[in-house]
>>> print(open('input_7.txt').read())   # compact mmCIF, C-alpha atoms and all ligand atoms
# COMPACT_ATOMS: atom_id res chain seq x y z
CA VAL A 1422 33.53 21.78 -73.58
CA GLY A 1423 33.53 18.08 -74.53
CA ASN A 1424 30.45 17.10 -72.49
CA PHE A 1425 28.48 20.19 -73.42
CA LYS A 1426 29.28 19.74 -77.09
CA ALA A 1427 28.53 16.02 -76.91
CA SER A 1428 25.02 16.63 -75.57
CA ILE A 1429 24.26 19.23 -78.26
CA ILE A 1430 25.60 16.86 -80.92
CA ARG A 1431 23.36 14.11 -79.56
CA ILE A 1432 20.32 16.36 -79.94
CA ALA A 1433 21.40 17.51 -83.40
CA LYS A 1434 22.07 13.99 -84.66
CA ARG A 1435 18.68 13.62 -86.29
CA SER A 1436 19.35 16.35 -88.86
CA ASN A 1437 22.18 16.16 -91.39
CA LEU A 1438 22.39 19.94 -91.59
CA LEU A 1439 22.64 20.32 -87.80
CA ARG A 1440 25.19 17.50 -87.66
CA TRP A 1441 27.35 19.24 -90.25
CA LEU A 1442 26.99 22.62 -88.48
CA ALA A 1443 27.92 21.13 -85.10
CA ASN A 1444 31.30 20.08 -86.48
CA THR A 1445 32.30 23.45 -87.94
CA THR A 1446 34.72 25.90 -86.34
CA PHE A 1447 31.85 28.36 -86.04
CA ALA A 1448 29.92 25.91 -83.86
CA GLU A 1449 33.04 25.15 -81.81
CA VAL A 1450 33.46 28.86 -81.03
CA VAL A 1451 29.76 29.24 -80.15
CA PHE A 1452 29.98 26.20 -77.83
CA GLU A 1453 33.01 27.71 -76.17
CA ILE A 1454 31.32 31.06 -75.58
CA LEU A 1455 28.25 29.34 -74.17
CA ALA A 1456 30.05 26.80 -71.99
CA TRP A 1457 29.13 28.66 -68.79
CA ASN A 1458 30.34 25.78 -66.62
CA LEU A 1459 33.94 26.69 -67.57
CA PRO A 1460 35.89 29.69 -66.17
CA LEU A 1461 35.48 32.89 -68.20
CA LYS A 1462 39.27 33.32 -68.49
CA TYR A 1463 39.54 29.89 -70.11
CA ARG A 1464 36.70 30.57 -72.53
CA VAL A 1465 38.21 33.93 -73.52
CA MET A 1466 41.53 32.17 -74.19
CA ARG A 1467 39.84 29.45 -76.29
CA VAL A 1468 38.21 32.06 -78.51
CA THR A 1469 40.96 34.71 -78.76
CA THR A 1470 43.85 32.28 -79.30
CA ARG A 1471 42.35 31.39 -82.69
CA SER A 1472 43.38 34.84 -83.95
CA ASN A 1473 47.11 35.14 -84.75
CA THR A 1474 47.14 38.79 -83.66
CA LEU A 1475 45.23 38.35 -80.39
CA ARG A 1476 47.26 35.26 -79.54
CA SER A 1477 50.54 37.06 -80.08
CA VAL A 1478 49.36 40.05 -77.95
CA ALA A 1479 48.29 37.65 -75.19
CA ILE A 1480 51.67 35.87 -75.30
CA ARG A 1481 53.53 39.18 -75.00
CA LEU A 1482 51.35 40.33 -72.10
CA SER A 1483 51.78 37.00 -70.27
CA ARG A 1484 55.54 37.25 -70.69
CA ILE A 1485 55.82 40.61 -68.97
CA ARG A 1486 53.62 39.61 -66.02
CA LYS A 1487 55.66 38.94 -62.86
CA ARG A 1488 55.31 35.42 -61.44
CA GLU A 1489 56.89 33.32 -58.76
CA ALA A 1490 59.61 30.97 -59.99
CA PHE A 1491 58.34 27.49 -60.76
CA PRO A 1492 59.90 25.25 -58.07
CA THR A 1493 62.32 22.61 -59.31
CA SER A 1494 64.13 19.66 -57.74
CA ASP A 1495 67.93 19.49 -57.59
CA GLU A 1496 68.67 16.71 -60.05
CA THR A 1497 67.18 15.71 -63.35
CA LEU A 1498 65.41 12.36 -63.70
CA PHE A 1499 66.40 12.00 -67.34
CA ALA A 1500 69.21 9.63 -68.25
CA PHE A 1501 69.56 11.25 -71.70
CA ARG A 1502 68.35 14.59 -72.92
CA PRO A 1503 69.30 16.95 -75.74
CA PRO A 1504 71.30 20.03 -74.69
CA LEU A 1505 68.93 22.87 -73.80
CA PRO A 1506 69.79 25.20 -76.74
CA LEU A 1507 69.28 22.32 -79.18
CA ALA A 1508 65.95 21.39 -77.59
CA ILE A 1509 64.70 24.98 -77.88
CA ASP A 1510 65.95 25.33 -81.48
CA GLU A 1511 64.24 22.09 -82.51
CA LEU A 1512 61.00 23.00 -80.75
CA SER A 1513 60.98 26.44 -82.37
CA ALA A 1514 61.79 25.15 -85.85
CA LYS A 1515 59.82 21.90 -85.92
CA GLY A 1516 57.33 21.99 -83.05
CA PHE A 1517 58.87 18.93 -81.38
CA CYS A 1518 62.14 17.60 -80.06
CA GLY A 1519 62.99 13.97 -79.30
CA GLY A 1520 65.89 12.14 -77.67
CA ILE A 1521 64.64 12.23 -74.08
CA VAL A 1522 65.09 9.10 -71.96
CA LEU A 1523 63.86 8.65 -68.40
CA ALA A 1524 66.19 7.16 -65.78
CA GLU A 1525 65.43 3.47 -65.20
CA GLU A 1526 64.59 3.75 -61.51
CA CYS A 1527 62.10 6.56 -62.09
CA LEU A 1528 60.47 4.59 -64.91
CA ARG A 1529 60.20 1.54 -62.65
CA GLN A 1530 58.49 3.54 -59.93
CA ILE A 1531 56.03 5.17 -62.33
CA LEU A 1532 55.14 1.78 -63.83
CA HIS A 1533 54.59 0.44 -60.33
CA ALA A 1534 52.30 3.37 -59.52
CA CYS A 1535 50.38 2.71 -62.76
CA SER A 1536 49.77 -0.90 -61.80
CA ASN A 1537 47.98 0.24 -58.61
CA ALA A 1538 46.24 3.33 -59.98
CA LYS A 1539 42.60 3.66 -60.98
CA PHE A 1540 42.12 4.66 -64.62
CA VAL A 1541 38.88 6.18 -65.90
CA PRO A 1542 37.52 4.42 -69.04
CA ASP A 1543 36.08 6.80 -71.66
CA LYS A 1544 32.96 4.65 -72.00
CA ASP A 1545 32.24 4.36 -68.28
CA PRO A 1546 33.70 7.37 -66.44
CA ASP A 1547 31.87 6.55 -63.19
CA HIS A 1548 33.70 3.26 -62.75
CA PRO A 1549 37.48 3.69 -62.60
CA ILE A 1550 39.42 0.45 -63.01
CA CYS A 1551 42.90 -1.01 -62.50
CA ILE A 1552 44.67 -1.88 -65.75
CA ASP A 1553 46.55 -5.12 -66.28
CA ALA A 1554 49.70 -4.00 -68.09
CA GLU A 1555 50.27 -7.51 -69.41
CA SER A 1556 46.89 -7.78 -71.11
CA ASP A 1557 46.60 -6.69 -74.73
CA SER A 1558 42.84 -6.45 -74.81
CA SER A 1559 40.68 -3.44 -74.04
CA PRO A 1560 39.26 -3.53 -70.49
CA GLY A 1561 35.69 -3.11 -71.78
CA GLU A 1562 33.67 -3.22 -74.97
CA GLY A 1563 34.30 -0.14 -77.08
CA VAL A 1564 36.75 1.35 -74.57
CA LEU A 1565 39.38 3.35 -76.49
CA VAL A 1566 41.08 5.27 -73.70
CA CYS A 1567 41.52 4.86 -69.94
CA ARG A 1568 42.87 7.96 -68.24
CA TRP A 1569 44.62 8.70 -64.96
CA ARG A 1570 44.06 12.42 -64.47
CA ASP A 1571 46.59 14.50 -62.51
CA PRO A 1572 48.86 11.59 -61.50
CA HIS A 1573 51.32 14.13 -60.01
CA GLU A 1574 48.85 14.63 -57.15
CA SER A 1575 49.20 11.05 -55.91
CA CYS A 1576 52.41 9.72 -57.48
CA GLU A 1577 55.60 11.20 -56.06
CA GLN A 1578 57.71 10.30 -59.10
CA VAL A 1579 55.34 12.03 -61.53
CA ASP A 1580 55.33 15.06 -59.23
CA LYS A 1581 59.15 15.05 -59.19
CA LEU A 1582 59.17 14.74 -62.95
CA ALA A 1583 56.82 17.72 -63.26
CA HIS A 1584 59.40 19.70 -61.23
CA ASP A 1585 62.43 18.33 -63.08
CA PRO A 1586 65.00 21.14 -63.55
CA TYR A 1587 65.72 20.19 -67.20
CA LEU A 1588 62.09 19.91 -68.20
CA VAL A 1589 61.03 23.10 -66.44
CA GLU A 1590 63.92 24.97 -68.07
CA VAL A 1591 62.84 23.74 -71.51
CA ALA A 1592 59.32 25.00 -70.76
CA ARG A 1593 60.61 28.29 -69.33
CA ARG A 1594 62.85 29.06 -72.30
CA TYR A 1595 60.36 27.95 -74.94
CA LEU A 1596 57.41 29.78 -73.41
CA GLY A 1597 59.60 32.79 -72.66
CA ALA A 1598 58.09 33.09 -69.17
CA GLU A 1599 57.78 31.27 -65.89
CA PRO A 1600 55.67 28.21 -66.75
CA VAL A 1601 52.40 27.11 -65.21
CA LEU A 1602 51.76 23.39 -64.73
CA ASN A 1603 48.89 22.94 -67.15
CA GLN A 1604 48.13 19.28 -66.57
CA THR A 1605 49.53 15.80 -66.10
CA ARG A 1606 47.94 12.65 -67.52
CA ILE A 1607 48.75 9.00 -68.01
CA TRP A 1608 46.55 7.03 -70.36
CA TRP A 1609 46.16 3.69 -72.05
CA SER A 1610 44.94 3.68 -75.68
CA TYR A 1611 43.24 0.68 -77.27
CA PRO A 1612 42.42 -0.21 -80.89
CA HIS A 1613 39.35 1.31 -82.50
CA GLN A 1614 37.72 -1.33 -84.68
CA GLY A 1615 37.13 1.22 -87.46
CA GLY A 1616 40.56 0.45 -88.94
CA GLU A 1617 43.46 2.65 -89.98
CA GLN A 1618 41.64 5.94 -90.55
CA VAL A 1619 39.34 6.72 -87.66
CA TYR A 1620 38.48 10.25 -86.67
CA THR A 1621 37.64 10.05 -83.01
CA PRO A 1622 38.84 12.96 -80.86
CA GLU A 1623 41.55 10.55 -79.68
CA TYR A 1624 42.90 9.41 -83.02
CA GLY A 1625 42.51 12.24 -85.56
CA PHE A 1626 44.94 15.05 -86.47
CA HIS A 1627 44.23 18.26 -84.57
CA TYR A 1628 45.95 21.08 -82.72
CA ASP A 1629 45.08 21.95 -79.13
CA LEU A 1630 43.98 25.26 -77.68
CA ALA A 1631 45.20 24.39 -74.20
CA ASP A 1632 46.56 27.92 -73.65
CA TYR A 1633 48.06 30.78 -75.67
CA MET A 1634 51.20 28.61 -75.64
CA CYS A 1635 51.65 25.14 -74.27
CA VAL A 1636 54.59 22.75 -74.33
CA ARG A 1637 54.27 19.11 -73.38
CA LEU A 1638 56.49 16.21 -72.47
CA PHE A 1639 55.29 12.82 -73.72
CA LEU A 1640 56.94 9.68 -72.36
CA TYR A 1641 56.06 6.25 -73.64
CA LEU A 1642 55.37 3.83 -70.80
CA THR A 1643 55.16 0.88 -73.21
CA ASP A 1644 57.36 0.18 -76.24
CA VAL A 1645 55.83 1.97 -79.21
CA ASN A 1646 56.42 0.76 -82.78
CA ASP A 1647 54.17 1.38 -85.80
CA ASP A 1648 51.58 -1.06 -84.43
CA CYS A 1649 51.20 0.59 -81.03
CA GLY A 1650 49.58 3.91 -81.91
CA PRO A 1651 52.63 6.17 -82.16
CA HIS A 1652 52.26 9.89 -81.61
CA VAL A 1653 52.47 11.77 -84.92
CA VAL A 1654 53.36 15.45 -85.38
CA ILE A 1655 53.18 17.60 -88.49
CA GLU A 1656 56.52 19.37 -88.50
CA GLY A 1657 56.55 23.16 -88.56
CA THR A 1658 52.82 23.73 -88.02
CA GLN A 1659 53.16 25.22 -84.52
CA GLY A 1660 53.27 28.85 -85.66
CA LYS A 1661 50.72 31.26 -87.07
CA LYS A 1662 47.69 29.60 -88.57
CA THR A 1663 46.49 30.17 -92.13
CA PHE A 1664 42.77 30.65 -92.84
CA PHE A 1665 42.50 26.97 -93.77
CA GLU A 1666 44.18 25.94 -90.52
CA LYS A 1667 42.00 28.26 -88.44
CA THR A 1668 38.88 26.73 -89.90
CA HIS A 1669 40.22 23.15 -89.77
CA ARG A 1670 41.39 22.47 -86.22
CA ARG A 1671 40.83 18.82 -87.01
CA LEU A 1672 42.05 17.13 -90.19
CA THR A 1673 41.38 13.77 -91.76
CA ASP A 1674 44.47 11.74 -92.66
CA ASP A 1675 43.78 12.46 -96.35
CA GLN A 1676 43.69 16.22 -95.74
CA ALA A 1677 46.90 15.99 -93.70
CA LEU A 1678 48.63 13.93 -96.38
CA ALA A 1679 47.54 16.23 -99.20
CA ARG A 1680 48.64 19.42 -97.42
CA TYR A 1681 51.62 18.35 -95.32
CA GLY A 1682 52.62 14.89 -96.66
CA SER A 1683 56.39 15.36 -96.43
CA LYS A 1684 56.19 16.93 -92.97
CA ILE A 1685 54.38 14.14 -91.15
CA ARG A 1686 56.67 12.69 -88.47
CA VAL A 1687 55.87 9.44 -86.68
CA LEU A 1688 57.53 9.37 -83.26
CA LEU A 1689 58.43 5.81 -82.26
CA GLY A 1690 60.18 4.92 -79.02
CA ARG A 1691 60.90 2.35 -76.39
CA GLN A 1692 59.44 2.32 -72.89
CA GLY A 1693 60.87 5.35 -71.03
CA GLU A 1694 61.68 7.33 -74.19
CA GLY A 1695 59.97 10.56 -75.05
CA PHE A 1696 59.83 13.95 -76.68
CA VAL A 1697 58.56 17.45 -76.07
CA THR A 1698 56.05 19.07 -78.39
CA ASP A 1699 54.23 22.34 -78.93
CA CYS A 1700 50.55 21.39 -78.80
CA PHE A 1701 49.70 24.17 -81.30
CA ALA A 1702 51.30 21.97 -83.99
CA TYR A 1703 48.98 19.47 -85.70
CA HIS A 1704 49.38 16.07 -84.07
CA LYS A 1705 47.51 12.87 -83.39
CA GLY A 1706 47.75 9.55 -81.65
CA THR A 1707 47.47 6.83 -84.28
CA ASN A 1708 44.73 4.24 -83.85
CA PRO A 1709 46.79 1.43 -82.25
CA ARG A 1710 46.69 -2.19 -83.32
CA LYS A 1711 48.20 -2.99 -79.89
CA ARG A 1712 47.55 -1.06 -76.69
CA ARG A 1713 49.85 1.76 -75.65
CA CYS A 1714 50.53 3.66 -72.41
CA ILE A 1715 51.83 7.23 -72.38
CA LEU A 1716 52.55 9.93 -69.80
CA GLN A 1717 52.07 13.61 -70.50
CA ILE A 1718 53.23 16.65 -68.53
CA ALA A 1719 52.08 19.99 -69.94
CA TYR A 1720 53.26 23.51 -69.12
CA SER A 1721 51.62 26.66 -70.33
CA LEU A 1722 51.57 30.41 -69.97
CA THR A 1723 48.37 31.14 -68.05
CA VAL A 1724 45.95 28.23 -67.74
CA GLN A 1725 46.40 25.87 -64.82
CA ASN A 1726 44.27 23.06 -66.09
CA THR A 1727 42.58 21.90 -69.25
CA TYR A 1728 38.95 21.19 -68.76
O1 LIG B 1 47.69 9.91 -77.81
C1 LIG B 1 48.41 10.63 -78.49
O2 LIG B 1 49.52 10.29 -78.92
C2 LIG B 1 47.92 12.02 -78.87
C3 LIG B 1 47.33 12.76 -77.76
C4 LIG B 1 46.70 14.02 -78.20
O3 LIG B 1 46.29 14.16 -79.31
C5 LIG B 1 46.56 15.11 -77.27
O4 LIG B 1 46.96 14.97 -76.10
O5 LIG B 1 46.07 16.18 -77.67
>>> encode(input="input_7.txt", output="structure tokens", more="lines below")
Ligand SMILES: O=C(O)CCC(=O)C(=O)O
Amino acid sequence: VGNFKASIIRIAKRSNLLRWLANTTFAEVVFEILAWNLPLKYRVMRVTTRSNTLRSVAIRLSRIRKREAFPTSDETLFAFRPPLPLAIDELSAKGFCGGIVLAEECLRQILHACSNAKFVPDKDPDHPICIDAESDSSPGEGVLVCRWRDPHESCEQVDKLAHDPYLVEVARRYLGAEPVLNQTRIWWSYPHQGGEQVYTPEYGFHYDLADYMCVRLFLYLTDVNDDCGPHVVIEGTQGKKTFFEKTHRRLTDDQALARYGSKIRVLLGRQGEGFVTDCFAYHKGTNPRKRRCILQIAYSLTVQNTY
């Protein structure tokens, strides 16, 4: 959707009216219907999940469909984790749950894998690069994000983590069905020179339509304080969407503050600490003043990958 939309937006840039139209929900839906390069099932999900009724029907239908059990390993890789019932209660009430800490040895191995992996810079996707974890500066001019897609396919520890019995059980209970591995990602984020309030797809409030339901683990792979682009969630917004929310999948910071000021939660953490979130809740990565590395493992109801 991103590439297709980006090329249309490039064409439309010359006209203010077209530029405004291209950023509306209406245009987003049209782009999604027309994005013939994506599987039909995915496009149907992207359109129907915007309706509270259709989404809830789709969730119910997915829950009654028989599926093979998601394979899990014997032992958890988390040194600390909230008890399962608490994790599910928090996720259901707030849309996120913290207090998860990765075991030191697993963290060490993932960091080692990161130091050898090739990350894809957003500005130059054809030239993947190795990232120097010690360097604070962006690896290229204007580069905001460098991604390692599907690290579970080449890193054994990430694969084990994706099959962690605790994590899979959280996903299973929260989704109410056998989960599907939706995607894994590790990425570095770098400062955008636009200052505090920038609205790039990376750093603005939004909710994701990754599937009818999707739950994600985020683990910080660098220490994250207020300067390092913490993940931010708007508590309690993971449920049914109001008309305003349906037509504003993306929010500016001012809109978020005005509507949900007291519910904005900034999730700080040390290297190896993390949280699970429902990606249907409004969230964002803050524009960092110092680079940040994060790992994400997402489970969903039907969709195996996010395009
Ligand atoms: O980088 C972050 O903390 C936010 C990531 C995000 O918005 C997303 O994965 O949808």
>>> closest_residue(input="input_7.txt", among="A:Cys1518, A:Val1566, A:Ala1479, A:Val1579", to="ligand LIG 1 (chain B)", atoms="all atoms listed in the file")
A:Val1566
>>> residues_around(input="input_7.txt", residues="segment 1502-1504 of chain A", least_positions_apart="6", cutoff="9 Å", atoms="all atoms listed in the file", output="PyMOL selection string")
chain A and resi 1518-1523+1587
>>> write_last_selection(input="input_7.txt", atoms="C-alpha atoms", output="PDB file, keeping the file's coordinate frame")
ATOM      1  CA  CYS A1518      62.140  17.600 -80.060  1.00  0.00           C
ATOM      2  CA  GLY A1519      62.990  13.970 -79.300  1.00  0.00           C
ATOM      3  CA  GLY A1520      65.890  12.140 -77.670  1.00  0.00           C
ATOM      4  CA  ILE A1521      64.640  12.230 -74.080  1.00  0.00           C
ATOM      5  CA  VAL A1522      65.090   9.100 -71.960  1.00  0.00           C
ATOM      6  CA  LEU A1523      63.860   8.650 -68.400  1.00  0.00           C
ATOM      7  CA  TYR A1587      65.720  20.190 -67.200  1.00  0.00           C
TER       8      TYR A1587
END
>>> residues_near_ligand(input="input_7.txt", ligand="ligand LIG 1 (chain B)", cutoff="10 Å", atoms="all atoms listed in the file", output="ChimeraX atom specification")
/A:1566,1606-1610,1622-1631,1637,1639-1641,1650-1654,1688,1700-1701,1703-1709,1713-1719
>>> residues_near_point(input="input_7.txt", point="(34.6, -1.4, -72.4)", cutoff="12 Å", atoms="all atoms listed in the file", output="list of chain:residue names")
A:Val1541, A:Pro1542, A:Asp1543, A:Lys1544, A:Asp1545, A:Pro1546, A:His1548, A:Pro1549, A:Ile1550, A:Ser1558, A:Ser1559, A:Pro1560, A:Gly1561, A:Glu1562, A:Gly1563, A:Val1564, A:Leu1565, A:Val1566, A:Cys1567, A:Ser1610, A:Tyr1611, A:Pro1612, A:His1613
>>> residues_near_point(input="input_7.txt", point="(59.3, 8.8, -59.9)", cutoff="6 Å", atoms="all atoms listed in the file", output="ChimeraX atom specification")
/A:1527,1530-1531,1577-1579
>>> closest_residue(input="input_7.txt", among="A:Val1724, A:Cys1635, A:Leu1475, A:Ala1490", to="His1584 of chain A", atoms="all atoms listed in the file")
A:Ala1490
>>> closest_residue(input="input_7.txt", among="A:Gln1692, A:Gln1676, A:Thr1668, A:Thr1663", to="Ala1448 of chain A", atoms="only C-alpha atoms")
A:Thr1668
>>> closest_residue(input="input_7.txt", among="A:Thr1446, A:Thr1497, A:Ser1536, A:Ser1472", to="Ala1583 of chain A", atoms="all atoms listed in the file")
A:Thr1497
>>> residues_around(input="input_7.txt", residues="Ser1683 of chain A", least_positions_apart="5", cutoff="12 Å", atoms="all atoms listed in the file", output="PyMOL selection string")
chain A and resi 1654-1657+1677-1678
>>> atom_distance(input="input_7.txt", atom1="atom CA of Asp1644 of chain A", atom2="atom CA of Asp1557 of chain A")
12.9 Å
>>> atom_distance(input="input_7.txt", atom1="atom CA of Pro1600 of chain A", atom2="atom CA of Pro1492 of chain A")
10.1 Å
>>> atom_distance(input="input_7.txt", atom1="atom CA of Leu1596 of chain A", atom2="atom CA of Glu1525 of chain A")
28.7 Å
>>> build_atoms(input="input_7.txt", residues="segment 1455-1465 of chain A", atoms="all heavy atoms", output="PDB file, keeping the file's coordinate frame")
ATOM      1  N   LEU A1455      29.408  29.692 -74.992  1.00  0.00           N
ATOM      2  CA  LEU A1455      28.250  29.340 -74.170  1.00  0.00           C
ATOM      3  C   LEU A1455      28.545  28.365 -73.025  1.00  0.00           C
ATOM      4  O   LEU A1455      27.685  28.110 -72.197  1.00  0.00           O
ATOM      5  CB  LEU A1455      27.162  28.724 -75.057  1.00  0.00           C
ATOM      6  CG  LEU A1455      26.552  29.652 -76.111  1.00  0.00           C
ATOM      7  CD1 LEU A1455      25.492  28.924 -76.898  1.00  0.00           C
ATOM      8  CD2 LEU A1455      25.965  30.899 -75.455  1.00  0.00           C
ATOM      9  N   ALA A1456      29.752  27.829 -72.995  1.00  0.00           N
ATOM     10  CA  ALA A1456      30.050  26.800 -71.990  1.00  0.00           C
ATOM     11  C   ALA A1456      30.244  27.447 -70.620  1.00  0.00           C
ATOM     12  O   ALA A1456      31.360  27.581 -70.114  1.00  0.00           O
ATOM     13  CB  ALA A1456      31.308  26.022 -72.395  1.00  0.00           C
ATOM     14  N   TRP A1457      29.084  27.875 -70.018  1.00  0.00           N
ATOM     15  CA  TRP A1457      29.130  28.660 -68.790  1.00  0.00           C
ATOM     16  C   TRP A1457      29.665  27.882 -67.598  1.00  0.00           C
ATOM     17  O   TRP A1457      29.993  28.448 -66.577  1.00  0.00           O
ATOM     18  CB  TRP A1457      27.742  29.229 -68.465  1.00  0.00           C
ATOM     19  CG  TRP A1457      26.689  28.165 -68.479  1.00  0.00           C
ATOM     20  CD1 TRP A1457      26.381  27.326 -67.472  1.00  0.00           C
ATOM     21  CD2 TRP A1457      25.862  27.813 -69.583  1.00  0.00           C
ATOM     22  NE1 TRP A1457      25.400  26.464 -67.872  1.00  0.00           N
ATOM     23  CE2 TRP A1457      25.050  26.735 -69.164  1.00  0.00           C
ATOM     24  CE3 TRP A1457      25.711  28.303 -70.878  1.00  0.00           C
ATOM     25  CZ2 TRP A1457      24.121  26.136 -70.006  1.00  0.00           C
ATOM     26  CZ3 TRP A1457      24.782  27.702 -71.699  1.00  0.00           C
ATOM     27  CH2 TRP A1457      23.999  26.635 -71.262  1.00  0.00           C
ATOM     28  N   ASN A1458      29.785  26.567 -67.718  1.00  0.00           N
ATOM     29  CA  ASN A1458      30.340  25.780 -66.620  1.00  0.00           C
ATOM     30  C   ASN A1458      31.873  25.924 -66.549  1.00  0.00           C
ATOM     31  O   ASN A1458      32.492  25.499 -65.588  1.00  0.00           O
ATOM     32  CB  ASN A1458      29.964  24.300 -66.754  1.00  0.00           C
ATOM     33  CG  ASN A1458      30.344  23.724 -68.112  1.00  0.00           C
ATOM     34  OD1 ASN A1458      30.298  24.444 -69.107  1.00  0.00           O
ATOM     35  ND2 ASN A1458      30.728  22.478 -68.153  1.00  0.00           N
ATOM     36  N   LEU A1459      32.485  26.526 -67.576  1.00  0.00           N
ATOM     37  CA  LEU A1459      33.940  26.690 -67.570  1.00  0.00           C
ATOM     38  C   LEU A1459      34.316  28.128 -67.200  1.00  0.00           C
ATOM     39  O   LEU A1459      33.555  29.055 -67.490  1.00  0.00           O
ATOM     40  CB  LEU A1459      34.505  26.369 -68.952  1.00  0.00           C
ATOM     41  CG  LEU A1459      34.273  24.931 -69.419  1.00  0.00           C
ATOM     42  CD1 LEU A1459      34.798  24.732 -70.828  1.00  0.00           C
ATOM     43  CD2 LEU A1459      34.941  23.948 -68.465  1.00  0.00           C
ATOM     44  N   PRO A1460      35.504  28.334 -66.569  1.00  0.00           N
ATOM     45  CA  PRO A1460      35.890  29.690 -66.170  1.00  0.00           C
ATOM     46  C   PRO A1460      35.960  30.636 -67.368  1.00  0.00           C
ATOM     47  O   PRO A1460      36.390  30.233 -68.454  1.00  0.00           O
ATOM     48  CB  PRO A1460      37.289  29.498 -65.572  1.00  0.00           C
ATOM     49  CG  PRO A1460      37.392  28.056 -65.249  1.00  0.00           C
ATOM     50  CD  PRO A1460      36.494  27.327 -66.182  1.00  0.00           C
ATOM     51  N   LEU A1461      35.535  31.896 -67.126  1.00  0.00           N
ATOM     52  CA  LEU A1461      35.480  32.890 -68.200  1.00  0.00           C
ATOM     53  C   LEU A1461      36.858  33.069 -68.844  1.00  0.00           C
ATOM     54  O   LEU A1461      36.994  33.134 -70.073  1.00  0.00           O
ATOM     55  CB  LEU A1461      34.971  34.214 -67.632  1.00  0.00           C
ATOM     56  CG  LEU A1461      34.829  35.326 -68.650  1.00  0.00           C
ATOM     57  CD1 LEU A1461      33.767  34.975 -69.693  1.00  0.00           C
ATOM     58  CD2 LEU A1461      34.472  36.643 -67.977  1.00  0.00           C
ATOM     59  N   LYS A1462      37.912  33.093 -67.995  1.00  0.00           N
ATOM     60  CA  LYS A1462      39.270  33.320 -68.490  1.00  0.00           C
ATOM     61  C   LYS A1462      39.655  32.236 -69.520  1.00  0.00           C
ATOM     62  O   LYS A1462      40.270  32.505 -70.547  1.00  0.00           O
ATOM     63  CB  LYS A1462      40.221  33.268 -67.288  1.00  0.00           C
ATOM     64  CG  LYS A1462      41.666  33.527 -67.581  1.00  0.00           C
ATOM     65  CD  LYS A1462      42.464  33.506 -66.289  1.00  0.00           C
ATOM     66  CE  LYS A1462      43.881  33.047 -66.543  1.00  0.00           C
ATOM     67  NZ  LYS A1462      44.651  32.811 -65.356  1.00  0.00           N
ATOM     68  N   TYR A1463      39.238  31.015 -69.223  1.00  0.00           N
ATOM     69  CA  TYR A1463      39.540  29.890 -70.110  1.00  0.00           C
ATOM     70  C   TYR A1463      38.772  30.029 -71.430  1.00  0.00           C
ATOM     71  O   TYR A1463      39.318  29.832 -72.513  1.00  0.00           O
ATOM     72  CB  TYR A1463      39.167  28.588 -69.392  1.00  0.00           C
ATOM     73  CG  TYR A1463      39.382  27.343 -70.219  1.00  0.00           C
ATOM     74  CD1 TYR A1463      40.674  26.876 -70.472  1.00  0.00           C
ATOM     75  CD2 TYR A1463      38.309  26.638 -70.756  1.00  0.00           C
ATOM     76  CE1 TYR A1463      40.881  25.740 -71.235  1.00  0.00           C
ATOM     77  CE2 TYR A1463      38.506  25.500 -71.514  1.00  0.00           C
ATOM     78  CZ  TYR A1463      39.795  25.055 -71.749  1.00  0.00           C
ATOM     79  OH  TYR A1463      39.987  23.932 -72.505  1.00  0.00           O
ATOM     80  N   ARG A1464      37.506  30.434 -71.315  1.00  0.00           N
ATOM     81  CA  ARG A1464      36.700  30.570 -72.530  1.00  0.00           C
ATOM     82  C   ARG A1464      37.220  31.709 -73.407  1.00  0.00           C
ATOM     83  O   ARG A1464      37.264  31.592 -74.633  1.00  0.00           O
ATOM     84  CB  ARG A1464      35.232  30.798 -72.159  1.00  0.00           C
ATOM     85  CG  ARG A1464      34.573  29.495 -71.729  1.00  0.00           C
ATOM     86  CD  ARG A1464      33.487  29.719 -70.720  1.00  0.00           C
ATOM     87  NE  ARG A1464      32.441  30.588 -71.193  1.00  0.00           N
ATOM     88  CZ  ARG A1464      31.542  31.179 -70.405  1.00  0.00           C
ATOM     89  NH1 ARG A1464      31.583  30.988 -69.094  1.00  0.00           N
ATOM     90  NH2 ARG A1464      30.618  31.941 -70.895  1.00  0.00           N
ATOM     91  N   VAL A1465      37.644  32.798 -72.749  1.00  0.00           N
ATOM     92  CA  VAL A1465      38.210  33.930 -73.520  1.00  0.00           C
ATOM     93  C   VAL A1465      39.451  33.453 -74.256  1.00  0.00           C
ATOM     94  O   VAL A1465      39.640  33.725 -75.454  1.00  0.00           O
ATOM     95  CB  VAL A1465      38.543  35.110 -72.566  1.00  0.00           C
ATOM     96  CG1 VAL A1465      39.387  36.156 -73.278  1.00  0.00           C
ATOM     97  CG2 VAL A1465      37.266  35.723 -72.018  1.00  0.00           C
TER      98      VAL A1465
END
